[in-house]
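Asker: Dropping in model17.csv, with CSV, C-alpha atoms.
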chain,number,residue,atom,x,y,z
A,11,MET,CA,-15.8,-56.8,27.4
A,12,CYS,CA,-18.7,-58.5,29.1
A,13,THR,CA,-21.0,-59.7,26.4
A,14,VAL,CA,-24.0,-59.9,28.7
A,15,CYS,CA,-24.4,-56.3,29.8
A,16,GLY,CA,-21.7,-54.4,27.8
A,17,CYS,CA,-19.7,-53.3,30.8
A,18,GLY,CA,-16.0,-53.0,30.4
A,19,GLU,CA,-14.9,-55.7,32.8
A,20,ALA,CA,-13.4,-58.5,30.8
A,21,ASP,CA,-12.8,-61.0,33.5
A,22,HIS,CA,-15.5,-60.5,36.1
A,23,ASN,CA,-17.5,-63.7,36.6
A,24,THR,CA,-20.8,-62.3,38.0
A,25,HIS,CA,-22.9,-63.9,35.2
A,26,ASP,CA,-21.3,-67.3,35.6
A,27,THR,CA,-21.8,-67.5,39.4
A,28,PRO,CA,-24.9,-69.3,40.3
A,29,HIS,CA,-27.1,-67.0,42.3
A,30,ASP,CA,-30.5,-67.0,43.9
A,31,HIS,CA,-33.2,-65.5,41.6
A,32,THR,CA,-35.6,-65.0,44.5
A,33,LEU,CA,-33.3,-62.6,46.1
A,34,HIS,CA,-32.7,-59.3,44.2
A,35,ASP,CA,-29.7,-58.2,46.2
A,36,TYR,CA,-27.7,-55.6,44.2
A,37,GLY,CA,-25.3,-55.0,47.1
A,38,GLN,CA,-22.7,-57.4,45.9
A,39,GLY,CA,-20.1,-57.2,43.1
A,40,PRO,CA,-18.3,-54.3,41.8
A,41,ALA,CA,-20.3,-51.2,42.5
A,42,GLY,CA,-20.9,-48.9,39.5
A,43,ALA,CA,-19.6,-51.3,36.9
A,44,HIS,CA,-23.2,-52.3,36.0
A,45,ALA,CA,-24.8,-49.0,35.9
A,46,PRO,CA,-24.9,-47.7,32.3
A,47,GLY,CA,-26.1,-44.2,32.2
A,48,LEU,CA,-24.1,-43.1,35.2
A,49,THR,CA,-21.1,-42.4,33.1
A,50,GLN,CA,-21.2,-40.8,29.6
A,51,ALA,CA,-19.5,-43.8,28.1
A,52,ARG,CA,-21.6,-45.6,25.6
A,53,MET,CA,-21.3,-48.3,23.0
A,54,VAL,CA,-21.7,-47.6,19.3
A,55,ARG,CA,-22.2,-50.4,16.9
A,56,ILE,CA,-20.8,-49.5,13.5
A,57,GLU,CA,-20.0,-52.7,11.6
A,58,GLN,CA,-17.9,-51.0,9.0
A,59,ASP,CA,-15.5,-52.6,6.7
A,60,ILE,CA,-12.0,-51.2,7.4
A,61,LEU,CA,-11.4,-51.0,3.7
A,62,GLY,CA,-14.8,-49.5,3.1
A,63,LYS,CA,-13.4,-46.1,2.1
A,64,ASN,CA,-10.9,-47.6,-0.4
A,65,ASN,CA,-13.7,-49.8,-1.7
A,66,GLN,CA,-15.9,-46.7,-2.3
A,67,TYR,CA,-13.1,-45.1,-4.3
A,68,ALA,CA,-12.6,-48.3,-6.2
A,69,ALA,CA,-16.3,-48.5,-7.0
A,70,ALA,CA,-16.1,-44.9,-8.3
A,71,ASN,CA,-13.1,-45.8,-10.5
A,72,ARG,CA,-14.9,-48.9,-11.7
A,73,ARG,CA,-17.9,-46.8,-12.8
A,74,TRP,CA,-15.6,-44.3,-14.4
A,75,PHE,CA,-14.0,-47.1,-16.4
A,76,ALA,CA,-17.3,-48.7,-17.4
A,77,GLN,CA,-18.7,-45.4,-18.6
A,78,ARG,CA,-15.8,-45.0,-20.9
A,79,GLY,CA,-15.4,-48.6,-22.0
A,80,ILE,CA,-11.9,-48.8,-20.5
A,81,LEU,CA,-10.4,-52.1,-19.5
A,82,ALA,CA,-8.2,-51.6,-16.4
A,83,LEU,CA,-5.7,-54.3,-15.4
A,84,ASN,CA,-3.8,-54.2,-12.1
A,85,LEU,CA,-0.4,-55.8,-12.6
A,86,VAL,CA,1.1,-57.1,-9.3
A,87,SER,CA,4.3,-58.9,-8.7
A,88,SER,CA,7.5,-59.0,-6.6
A,89,PRO,CA,10.2,-56.5,-7.5
A,90,GLY,CA,12.3,-57.9,-10.4
A,91,SER,CA,9.8,-60.2,-11.9
A,92,GLY,CA,10.2,-58.4,-15.2
A,93,LYS,CA,6.9,-56.4,-15.0
A,94,THR,CA,8.1,-53.3,-16.8
A,95,THR,CA,9.9,-55.3,-19.6
A,96,LEU,CA,6.7,-57.3,-20.1
A,97,LEU,CA,4.7,-54.1,-20.2
A,98,THR,CA,6.9,-52.3,-22.7
A,99,ARG,CA,6.9,-55.4,-25.0
A,100,THR,CA,3.1,-55.6,-24.6
A,101,ILE,CA,2.6,-52.0,-25.4
A,102,THR,CA,4.9,-52.1,-28.4
A,103,ALA,CA,2.8,-55.0,-29.8
A,104,LEU,CA,-0.6,-53.6,-29.0
A,105,LYS,CA,-0.3,-49.8,-29.4
A,106,GLY,CA,-1.4,-50.0,-33.1
A,107,LYS,CA,-4.5,-52.0,-32.1
A,108,TYR,CA,-5.9,-50.3,-29.0
A,109,SER,CA,-5.5,-46.9,-27.3
A,110,LEU,CA,-3.2,-47.6,-24.3
A,111,ALA,CA,-2.4,-45.8,-21.1
A,112,VAL,CA,-0.2,-46.8,-18.1
A,113,ILE,CA,-0.2,-45.8,-14.4
A,114,GLU,CA,3.2,-46.7,-12.8
A,115,GLY,CA,3.3,-47.1,-9.1
A,116,ASP,CA,6.6,-47.1,-7.3
A,117,GLN,CA,7.9,-45.8,-4.0
A,118,GLN,CA,10.3,-43.4,-5.8
A,119,THR,CA,11.7,-42.3,-9.1
A,120,ALA,CA,9.9,-41.8,-12.4
A,121,ASN,CA,12.2,-44.3,-14.2
A,122,ASP,CA,9.4,-46.7,-15.1
A,123,ALA,CA,7.0,-44.1,-16.5
A,124,GLU,CA,9.9,-42.8,-18.6
A,125,ARG,CA,10.5,-46.3,-20.0
A,126,ILE,CA,6.9,-46.5,-20.9
A,127,ARG,CA,6.7,-43.0,-22.4
A,128,ALA,CA,9.7,-44.0,-24.6
A,129,THR,CA,7.2,-46.3,-26.4
A,130,GLY,CA,5.0,-43.3,-27.2
A,131,VAL,CA,2.2,-44.3,-24.8
A,132,ARG,CA,0.7,-42.1,-22.1
A,133,ALA,CA,2.1,-42.9,-18.7
A,134,LEU,CA,1.7,-41.4,-15.3
A,135,GLN,CA,4.0,-42.1,-12.4
A,136,ILE,CA,2.5,-42.3,-8.9
A,137,ASN,CA,5.1,-42.3,-6.2
A,138,THR,CA,3.7,-43.8,-3.1
A,139,GLY,CA,6.5,-42.5,-0.9
A,140,LYS,CA,6.4,-44.5,2.3
A,141,GLY,CA,3.4,-46.5,1.1
A,142,CYS,CA,3.8,-50.0,-0.1
A,143,HIS,CA,0.9,-50.2,-2.5
A,144,LEU,CA,-1.4,-48.0,-4.7
A,145,ASP,CA,-4.8,-47.3,-3.3
A,146,ALA,CA,-8.0,-46.5,-5.2
A,147,HIS,CA,-7.9,-42.8,-4.2
A,148,MET,CA,-4.4,-42.3,-5.7
A,149,VAL,CA,-5.6,-44.0,-8.9
A,150,GLY,CA,-8.7,-41.9,-9.0
A,151,HIS,CA,-6.6,-38.7,-8.9
A,152,GLY,CA,-4.2,-40.2,-11.4
A,153,LEU,CA,-7.0,-40.8,-13.9
A,154,GLN,CA,-7.9,-37.1,-13.9
A,155,THR,CA,-4.3,-36.3,-15.0
A,156,LEU,CA,-3.7,-39.2,-17.3
A,157,GLU,CA,-7.1,-38.9,-19.0
A,158,PRO,CA,-7.0,-42.3,-20.8
A,159,GLU,CA,-9.1,-42.3,-24.0
A,160,ASN,CA,-12.5,-44.0,-24.3
A,161,ASP,CA,-12.2,-47.7,-25.0
A,162,ALA,CA,-8.6,-47.7,-23.9
A,163,VAL,CA,-6.7,-50.5,-22.2
A,164,LEU,CA,-5.2,-49.1,-19.0
A,165,PHE,CA,-2.3,-51.0,-17.3
A,166,ILE,CA,-1.8,-50.1,-13.7
A,167,GLU,CA,1.6,-51.4,-12.7
A,168,ASN,CA,1.4,-51.7,-8.9
A,169,VAL,CA,4.3,-51.3,-6.5
A,170,GLY,CA,6.5,-54.4,-6.6
A,171,ASN,CA,5.2,-56.2,-3.5
A,172,LEU,CA,3.2,-59.4,-3.2
A,173,VAL,CA,1.6,-58.6,0.1
A,174,CYS,CA,-0.2,-55.3,0.4
A,175,PRO,CA,-1.6,-54.7,-3.1
A,176,ALA,CA,-3.7,-57.8,-2.6
A,177,ALA,CA,-6.1,-56.0,-0.2
A,178,PHE,CA,-6.5,-52.8,-2.1
A,179,ASP,CA,-9.1,-52.9,-4.9
A,180,LEU,CA,-8.3,-50.1,-7.4
A,181,GLY,CA,-11.4,-50.6,-9.5
A,182,GLU,CA,-9.7,-52.8,-12.0
A,183,ALA,CA,-11.4,-55.5,-14.1
A,184,HIS,CA,-8.7,-58.0,-13.2
A,185,LYS,CA,-5.6,-58.4,-11.1
A,186,VAL,CA,-2.8,-60.0,-13.1
A,187,ALA,CA,0.0,-61.6,-11.0
A,188,ILE,CA,3.4,-61.9,-12.6
A,189,LEU,CA,5.8,-64.4,-11.3
A,190,SER,CA,9.1,-65.2,-12.9
A,191,VAL,CA,10.7,-68.6,-12.9
A,192,THR,CA,13.9,-67.2,-11.3
A,193,GLU,CA,11.8,-66.8,-8.1
A,194,GLY,CA,10.7,-69.7,-5.9
A,195,GLU,CA,8.0,-72.0,-7.3
A,196,ASP,CA,6.3,-71.9,-3.9
A,197,LYS,CA,5.6,-68.2,-4.0
A,198,PRO,CA,1.9,-68.8,-4.5
A,199,ILE,CA,1.6,-70.5,-1.1
A,200,LYS,CA,4.1,-68.1,0.5
A,201,TYR,CA,2.0,-65.1,-0.6
A,202,PRO,CA,-1.4,-66.7,-0.9
A,203,ASP,CA,-3.5,-63.5,-0.6
A,204,MET,CA,-2.1,-62.1,-3.9
A,205,PHE,CA,-2.6,-65.3,-5.9
A,206,HIS,CA,-6.0,-65.6,-4.4
A,207,ALA,CA,-6.9,-62.1,-5.5
A,208,ALA,CA,-5.5,-62.5,-9.1
A,209,ASP,CA,-7.5,-63.8,-12.1
A,210,LEU,CA,-4.5,-64.5,-14.2
A,211,LEU,CA,-1.0,-65.6,-13.5
A,212,LEU,CA,1.7,-64.8,-16.0
A,213,LEU,CA,4.7,-67.1,-15.5
A,214,ASN,CA,7.5,-65.0,-16.9
A,215,LYS,CA,11.0,-65.6,-18.1
A,216,VAL,CA,10.3,-69.2,-19.2
A,217,ASP,CA,13.2,-68.9,-21.7
A,218,LEU,CA,15.5,-69.3,-18.7
A,219,LEU,CA,13.9,-72.7,-17.6
A,220,PRO,CA,16.7,-74.9,-19.0
A,221,TYR,CA,19.1,-73.2,-16.6
A,222,LEU,CA,17.0,-73.4,-13.5
A,223,GLN,CA,15.5,-75.9,-11.1
A,224,PHE,CA,12.0,-74.5,-11.3
A,225,ASP,CA,9.2,-77.0,-11.3
A,226,THR,CA,6.5,-75.3,-13.4
A,227,ASP,CA,3.8,-77.8,-12.8
A,228,LYS,CA,4.3,-77.6,-9.1
A,229,CYS,CA,4.1,-73.8,-9.2
A,230,ILE,CA,0.8,-73.9,-11.1
A,231,ASP,CA,-0.5,-76.6,-8.7
A,232,TYR,CA,0.4,-74.3,-5.7
A,233,ALA,CA,-1.4,-71.4,-7.4
A,234,ARG,CA,-4.5,-73.5,-7.9
A,235,ARG,CA,-4.5,-74.5,-4.3
A,236,VAL,CA,-5.0,-70.9,-3.2
A,237,ASN,CA,-7.1,-70.0,-6.2
A,238,PRO,CA,-8.9,-72.8,-8.1
A,239,ALA,CA,-10.1,-70.5,-10.8
A,240,ILE,CA,-6.7,-68.8,-11.7
A,241,LYS,CA,-5.7,-68.9,-15.3
A,242,VAL,CA,-2.0,-69.4,-16.1
A,243,ILE,CA,0.0,-68.3,-19.2
A,244,ARG,CA,3.7,-69.2,-19.6
A,245,LEU,CA,5.6,-66.6,-21.4
A,246,SER,CA,8.9,-64.8,-21.9
A,247,ALA,CA,8.9,-61.0,-22.4
A,248,THR,CA,12.5,-61.4,-23.7
A,249,SER,CA,12.1,-64.2,-26.3
A,250,GLY,CA,8.4,-63.4,-27.0
A,251,GLU,CA,7.3,-67.0,-26.3
A,252,GLY,CA,3.7,-67.2,-25.1
A,253,MET,CA,3.1,-63.4,-25.5
A,254,HIS,CA,0.4,-64.0,-28.1
A,255,ASP,CA,-1.6,-66.0,-25.5
A,256,TRP,CA,-1.4,-63.0,-23.2
A,257,TYR,CA,-2.6,-60.7,-26.0
A,258,ARG,CA,-5.5,-63.0,-26.7
A,259,TRP,CA,-6.4,-62.9,-23.1
A,260,ILE,CA,-6.4,-59.1,-23.1
A,261,ALA,CA,-8.6,-59.1,-26.3
A,262,ALA,CA,-11.0,-61.5,-24.6
A,263,ALA,CA,-11.1,-59.4,-21.4
A,264,ARG,CA,-11.7,-56.3,-23.5
A,265,GLY,CA,-14.6,-58.0,-25.2
A,266,ARG,CA,-16.3,-58.3,-21.8
A,267,VAL,CA,-16.1,-54.6,-21.0
A,268,PRO,CA,-19.3,-52.7,-21.7
A,269,VAL,CA,-18.8,-50.6,-24.8
A,270,ASN,CA,-18.2,-46.9,-24.2
A,271,ASN,CA,-21.2,-46.0,-22.2
A,272,LEU,CA,-21.0,-42.2,-22.4
A,273,GLU,CA,-21.6,-42.3,-26.2
A,274,ASN,CA,-24.3,-44.9,-25.8
A,275,HIS,CA,-26.1,-42.7,-23.4
A,276,HIS,CA,-26.4,-39.9,-26.0
A,277,VAL,CA,-27.2,-42.2,-28.8
A,278,SER,CA,-29.6,-44.8,-27.5
A,279,GLY,CA,-29.8,-44.4,-23.7
A,280,ASN,CA,-28.3,-47.8,-23.4
A,281,SER,CA,-27.3,-48.6,-19.8
A,282,GLY,CA,-24.3,-50.5,-21.2
A,283,LYS,CA,-24.7,-53.5,-18.9
A,284,SER,CA,-23.0,-56.5,-20.5
B,16,MET,CA,3.3,-52.5,6.4
B,17,HIS,CA,-0.2,-52.1,5.1
B,18,GLU,CA,-1.4,-52.4,8.7
B,19,LEU,CA,-0.4,-48.7,8.9
B,20,SER,CA,-2.7,-47.8,6.0
B,21,LEU,CA,-5.5,-50.0,7.5
B,22,CYS,CA,-5.2,-48.1,10.7
B,23,GLU,CA,-5.4,-44.8,8.8
B,24,SER,CA,-8.7,-46.1,7.3
B,25,VAL,CA,-9.8,-47.0,10.8
B,26,MET,CA,-9.0,-43.5,12.1
B,27,GLN,CA,-11.0,-42.0,9.2
B,28,ILE,CA,-14.0,-44.2,10.0
B,29,LEU,CA,-13.8,-43.2,13.7
B,30,GLU,CA,-13.6,-39.5,12.8
B,31,ASP,CA,-16.6,-39.7,10.4
B,32,ASN,CA,-18.6,-41.5,13.1
B,33,ALA,CA,-17.6,-39.0,15.7
B,34,ARG,CA,-19.1,-36.3,13.6
B,35,LEU,CA,-22.2,-38.2,12.7
B,36,GLN,CA,-22.9,-39.7,16.1
B,37,GLY,CA,-21.7,-36.9,18.3
B,38,PHE,CA,-18.9,-38.3,20.4
B,39,ASN,CA,-15.5,-36.8,21.3
B,40,ARG,CA,-13.4,-39.7,22.4
B,41,VAL,CA,-13.0,-43.4,21.6
B,42,LYS,CA,-12.1,-45.4,24.7
B,43,ALA,CA,-12.2,-48.8,23.2
B,44,LEU,CA,-12.8,-50.4,19.8
B,45,TRP,CA,-13.5,-53.9,18.7
B,46,LEU,CA,-12.2,-55.1,15.3
B,47,GLU,CA,-13.2,-58.3,13.6
B,48,ILE,CA,-10.2,-59.7,11.8
B,49,GLY,CA,-10.5,-62.9,9.8
B,50,GLU,CA,-7.8,-65.5,10.2
B,51,LEU,CA,-7.4,-65.5,6.4
B,52,SER,CA,-7.2,-61.7,6.0
B,53,CYS,CA,-3.8,-60.3,5.3
B,54,VAL,CA,-3.4,-58.7,8.7
B,55,GLU,CA,-0.9,-59.4,11.5
B,56,ALA,CA,-2.5,-58.6,14.8
B,57,ASP,CA,0.7,-57.4,16.5
B,58,ALA,CA,1.5,-55.1,13.5
B,59,LEU,CA,-2.0,-53.8,13.7
B,60,ARG,CA,-1.7,-53.0,17.4
B,61,PHE,CA,1.6,-51.3,16.9
B,62,SER,CA,0.3,-49.3,13.9
B,63,PHE,CA,-2.8,-48.3,15.8
B,64,GLU,CA,-0.8,-46.9,18.7
B,65,VAL,CA,1.3,-44.8,16.3
B,66,VAL,CA,-1.6,-43.6,14.1
B,67,SER,CA,-4.0,-42.8,17.0
B,68,ARG,CA,-1.5,-40.5,18.8
B,69,GLY,CA,-2.9,-37.0,19.2
B,70,THR,CA,-6.4,-38.1,17.9
B,71,LEU,CA,-9.7,-38.8,19.4
B,72,ALA,CA,-8.6,-42.4,19.9
B,73,GLU,CA,-5.3,-41.9,21.6
B,74,GLY,CA,-4.9,-44.5,24.3
B,75,ALA,CA,-8.0,-46.4,23.3
B,76,THR,CA,-8.0,-50.2,24.0
B,77,LEU,CA,-7.9,-52.2,20.8
B,78,GLU,CA,-9.7,-55.5,21.0
B,79,ILE,CA,-9.2,-57.9,18.1
B,80,ILE,CA,-11.8,-60.5,17.6
B,81,SER,CA,-10.4,-63.3,15.4
B,82,VAL,CA,-12.8,-64.9,13.0
B,83,PRO,CA,-12.0,-68.5,12.0
B,84,GLY,CA,-11.3,-69.3,8.4
B,85,LEU,CA,-13.9,-71.3,6.5
B,86,ALA,CA,-13.7,-73.0,3.2
B,87,TRP,CA,-15.7,-75.2,0.9
B,88,CYS,CA,-13.9,-78.3,-0.3
B,89,LEU,CA,-14.5,-78.7,-4.1
B,90,PRO,CA,-13.6,-82.4,-4.2
B,91,CYS,CA,-15.7,-83.6,-1.2
B,92,GLY,CA,-18.2,-80.8,-1.0
B,93,LYS,CA,-17.9,-80.2,2.8
B,94,HIS,CA,-17.6,-76.9,4.6
B,95,VAL,CA,-14.5,-77.1,6.7
B,96,ALA,CA,-12.4,-74.9,9.0
B,97,VAL,CA,-9.0,-73.8,7.7
B,98,LYS,CA,-6.1,-71.9,9.2
B,99,GLN,CA,-4.4,-70.9,5.9
B,100,ARG,CA,-5.5,-70.4,2.3
B,101,PHE,CA,-3.5,-73.3,1.0
B,102,ASP,CA,-4.5,-75.9,3.6
B,103,ALA,CA,-5.6,-79.3,2.4
B,104,CYS,CA,-9.2,-80.3,3.2
B,105,PRO,CA,-9.1,-81.8,6.8
B,106,VAL,CA,-11.8,-84.3,5.8
B,107,CYS,CA,-10.6,-85.7,2.5
B,108,GLY,CA,-7.0,-84.3,2.3
B,109,ASN,CA,-7.5,-82.9,-1.2
B,110,PHE,CA,-7.3,-79.5,-2.9
B,111,PRO,CA,-8.6,-77.1,-3.9
B,112,LEU,CA,-10.7,-75.3,-1.3
B,113,GLN,CA,-12.8,-72.2,-1.9
B,114,VAL,CA,-12.5,-69.8,1.0
B,115,SER,CA,-16.0,-68.9,2.2
B,116,GLY,CA,-15.3,-66.9,5.4
B,117,GLY,CA,-12.7,-65.5,7.7
B,118,ASP,CA,-11.2,-62.9,5.3
B,119,GLU,CA,-13.1,-59.9,6.8
B,120,MET,CA,-11.6,-56.8,8.3
B,121,LYS,CA,-14.3,-54.9,10.2
B,122,ILE,CA,-14.8,-52.3,12.9
B,123,LYS,CA,-17.6,-53.8,14.9
B,124,GLU,CA,-18.2,-51.7,17.9
B,125,LEU,CA,-16.9,-48.7,19.8
B,126,GLU,CA,-17.0,-47.5,23.4
B,127,VAL,CA,-17.1,-43.7,23.2
B,128,ASP,CA,-17.4,-40.6,25.4
Write out the structure in this file as structure tokens.
Answerer:
Amino acid sequence: MCTVCGCGEADHNTHDTPHDHTLHDYGQGPAGAHAPGLTQARMVRIEQDILGKNNQYAAANRRWFAQRGILALNLVSSPGSGKTTLLTRTITALKGKYSLAVIEGDQQTANDAERIRATGVRALQINTGKGCHLDAHMVGHGLQTLEPENDAVLFIENVGNLVCPAAFDLGEAHKVAILSVTEGEDKPIKYPDMFHAADLLLLNKVDLLPYLQFDTDKCIDYARRVNPAIKVIRLSATSGEGMHDWYRWIAAARGRVPVNNLENHHVSGNSGKS
Amino acid sequence: MHELSLCESVMQILEDNARLQGFNRVKALWLEIGELSCVEADALRFSFEVVSRGTLAEGATLEIISVPGLAWCLPCGKHVAVKQRFDACPVCGNFPLQVSGGDEMKIKELEVD
């Protein structure tokens, strides 16, 4: 588009051509192209974020969590990083301590939600069908069905995909990226958006390190290149190594969540800002 | 293929604006896409063509304005241009850099009837 007058001609050069300013001759050049108002076409400036709608839903979810003192964690990884195993072990360890709830996102099947329910914790499966990620709208609806308790810890296990879930805020407090040492150590720079968006990196399956050529320090260095602030915990959901560091991280994150606002409103009118 | 979902969001924004601002057809739209956003321009064009079929934006020209990536180098403190999130600082060659621009995805302007 011409940026001088807003006409649709991309390559006309009228404005670059030196011309005599003492002569107002409008007879040259492409007739009609410079006459806004003669056609009904008009320009509308909107300046809207493409993800604006998702972000609005995410903000609503975030308010919903804050009012109930819920800590929501969005777990993201490639397929096969051991996310569900990590989650079942975490739930088994923490279910006596906190109220827990899980949203499972997969393209198809309810297998993961069934694995979670077997631990006795509330779980809801969201099948995205053709979609490659959960979005804030799906999660918002999911919450109405799942009804996590006040002050709960909600794990949202996103679709196994290191690309798309990076862009879609669900209203979570933190994105947690899980990378297993059986994958490439350069994944953080191959999929930089995801590691940029995550606050915590869980390096899973470290019990297998003796059998692999995985350079842990290099992997962490790559992750810090795309995200200088990312925290890293090395653990194994199978052997249990490092799991307590993860539980401590959850406890600390939970400590930063405003305490159950709905009750506070009734009791003291506290706005609950932390 | 999250470009498909992004185009669905674009269509929603167009339809909302058509109602609010009283237009029936979108002839062209300008999107501002940061070089560091997770969007592939070709995939976006392809998806837009698919998603806009049979809508108020069918056949509309999609112009993509690329916004350069900017970052702040933590070691040397300079603001520098970057092509990728994991680039080293072009001035001092070090890491890490804090991305400060070029990750936006915006609809800027429309030409409508």
Asker: Can you tell me how far atom CA of B:Cys88 sits from atom CA of A:Ala177, in Å to one decimal?
Answerer: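 Separating atom CA of B:Cys88 from atom CA of A:Ala177 is a distance of 23.6 Å.
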Asker: Counting all atoms listed in the file, which residues of chain A sit at most 9 Å from some atom of chain B, and what is each one's closest atom pair with its distance in Å to one decimal, listed by chain and rising residue number, as JSON lines?
Answerer:
{"residue": "A:Met11", "atom": "CA", "partner": "B:Glu78", "partner_atom": "CA", "distance": 8.9}
{"residue": "A:Gly18", "atom": "CA", "partner": "B:Glu126", "partner_atom": "CA", "distance": 9.0}
{"residue": "A:Thr49", "atom": "CA", "partner": "B:Asp128", "partner_atom": "CA", "distance": 8.7}
{"residue": "A:Gln50", "atom": "CA", "partner": "B:Asp128", "partner_atom": "CA", "distance": 5.7}
{"residue": "A:Ala51", "atom": "CA", "partner": "B:Asp128", "partner_atom": "CA", "distance": 4.7}
{"residue": "A:Arg52", "atom": "CA", "partner": "B:Glu126", "partner_atom": "CA", "distance": 5.4}
{"residue": "A:Met53", "atom": "CA", "partner": "B:Glu126", "partner_atom": "CA", "distance": 4.4}
{"residue": "A:Val54", "atom": "CA", "partner": "B:Leu125", "partner_atom": "CA", "distance": 4.9}
{"residue": "A:Arg55", "atom": "CA", "partner": "B:Glu124", "partner_atom": "CA", "distance": 4.3}
{"residue": "A:Ile56", "atom": "CA", "partner": "B:Lys123", "partner_atom": "CA", "distance": 5.5}
{"residue": "A:Glu57", "atom": "CA", "partner": "B:Lys123", "partner_atom": "CA", "distance": 4.2}
{"residue": "A:Gln58", "atom": "CA", "partner": "B:Ile122", "partner_atom": "CA", "distance": 5.1}
{"residue": "A:Asp59", "atom": "CA", "partner": "B:Lys121", "partner_atom": "CA", "distance": 4.4}
{"residue": "A:Ile60", "atom": "CA", "partner": "B:Lys121", "partner_atom": "CA", "distance": 5.2}
{"residue": "A:Leu61", "atom": "CA", "partner": "B:Ser24", "partner_atom": "CA", "distance": 6.7}
{"residue": "A:Gly62", "atom": "CA", "partner": "B:Ser24", "partner_atom": "CA", "distance": 8.1}
{"residue": "A:Lys63", "atom": "CA", "partner": "B:Ser24", "partner_atom": "CA", "distance": 7.0}
{"residue": "A:Asn64", "atom": "CA", "partner": "B:Ser24", "partner_atom": "CA", "distance": 8.1}
{"residue": "A:Gly141", "atom": "CA", "partner": "B:His17", "partner_atom": "CA", "distance": 7.8}
{"residue": "A:Cys142", "atom": "CA", "partner": "B:His17", "partner_atom": "CA", "distance": 6.9}
{"residue": "A:His143", "atom": "CA", "partner": "B:His17", "partner_atom": "CA", "distance": 7.9}
{"residue": "A:Val173", "atom": "CA", "partner": "B:Cys53", "partner_atom": "CA", "distance": 7.7}
{"residue": "A:Cys174", "atom": "CA", "partner": "B:His17", "partner_atom": "CA", "distance": 5.7}
{"residue": "A:Pro175", "atom": "CA", "partner": "B:His17", "partner_atom": "CA", "distance": 8.7}
{"residue": "A:Ala176", "atom": "CA", "partner": "B:Cys53", "partner_atom": "CA", "distance": 8.3}
{"residue": "A:Ala177", "atom": "CA", "partner": "B:Cys53", "partner_atom": "CA", "distance": 7.4}
{"residue": "A:Pro198", "atom": "CA", "partner": "B:Phe101", "partner_atom": "CA", "distance": 8.9}
{"residue": "A:Ile199", "atom": "CA", "partner": "B:Phe101", "partner_atom": "CA", "distance": 6.2}
{"residue": "A:Pro202", "atom": "CA", "partner": "B:Arg100", "partner_atom": "CA", "distance": 6.4}
{"residue": "A:Asp203", "atom": "CA", "partner": "B:Cys53", "partner_atom": "CA", "distance": 6.7}
{"residue": "A:His206", "atom": "CA", "partner": "B:Arg100", "partner_atom": "CA", "distance": 8.3}
{"residue": "A:Tyr232", "atom": "CA", "partner": "B:Phe101", "partner_atom": "CA", "distance": 7.8}
{"residue": "A:Ala233", "atom": "CA", "partner": "B:Phe101", "partner_atom": "CA", "distance": 8.9}
{"residue": "A:Arg234", "atom": "CA", "partner": "B:Pro111", "partner_atom": "CA", "distance": 6.8}
{"residue": "A:Arg235", "atom": "CA", "partner": "B:Pro111", "partner_atom": "CA", "distance": 4.9}
{"residue": "A:Val236", "atom": "CA", "partner": "B:Phe101", "partner_atom": "CA", "distance": 5.1}
{"residue": "A:Asn237", "atom": "CA", "partner": "B:Gln113", "partner_atom": "CA", "distance": 7.5}
{"residue": "A:Pro238", "atom": "CA", "partner": "B:Pro111", "partner_atom": "CA", "distance": 6.0}
Asker: In Å, with one decimal, what is the gap from atom CA of A:Glu251 to atom CA of A:Arg132?
Answerer: 26.1 Å
Asker: Just to confirm, what's the straight-line distance from atom CA of A:Ile240 to atom CA of A:Leu172 in Å (one decimal)?
Answerer: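 Result for atom CA of A:Ile240 versus atom CA of A:Leu172: 16.1 Å, one decimal.
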Asker: Please provide the set of residues having any atom within 6 Å of stretch 189-192 of chain A, restricted to all atoms listed in the file, with same-chain residues fewer than 6 positions apart removed, written as a VMD selection string.
Answerer: chain A and resid 91 213 to 215
Asker: Any idea what's packed within 9 Å of A:Phe165, counting all atoms listed in the file, ignoring anything in its chain fewer than 4 positions away? Could you give it as a count of residues only?
Answerer: 11
Asker: Can you list, as a PyMOL selection string, every protein, DNA or RNA residue that comes within 12 Å of A:Ala183 when you count all atoms listed in the file, leaving out same-chain residues fewer than 6 positions away?
Answerer: chain A and resi 68-69+71-76+79-85+163-166+207-210+260+263-268
Asker: Can you find the residues with an atom no farther than 10 Å from (6.6, -52.4, -25.2), counting only C-alpha atoms, and report them as an MDAnalysis selection string?
Answerer: chainID A and resid 94:105 125:131 247
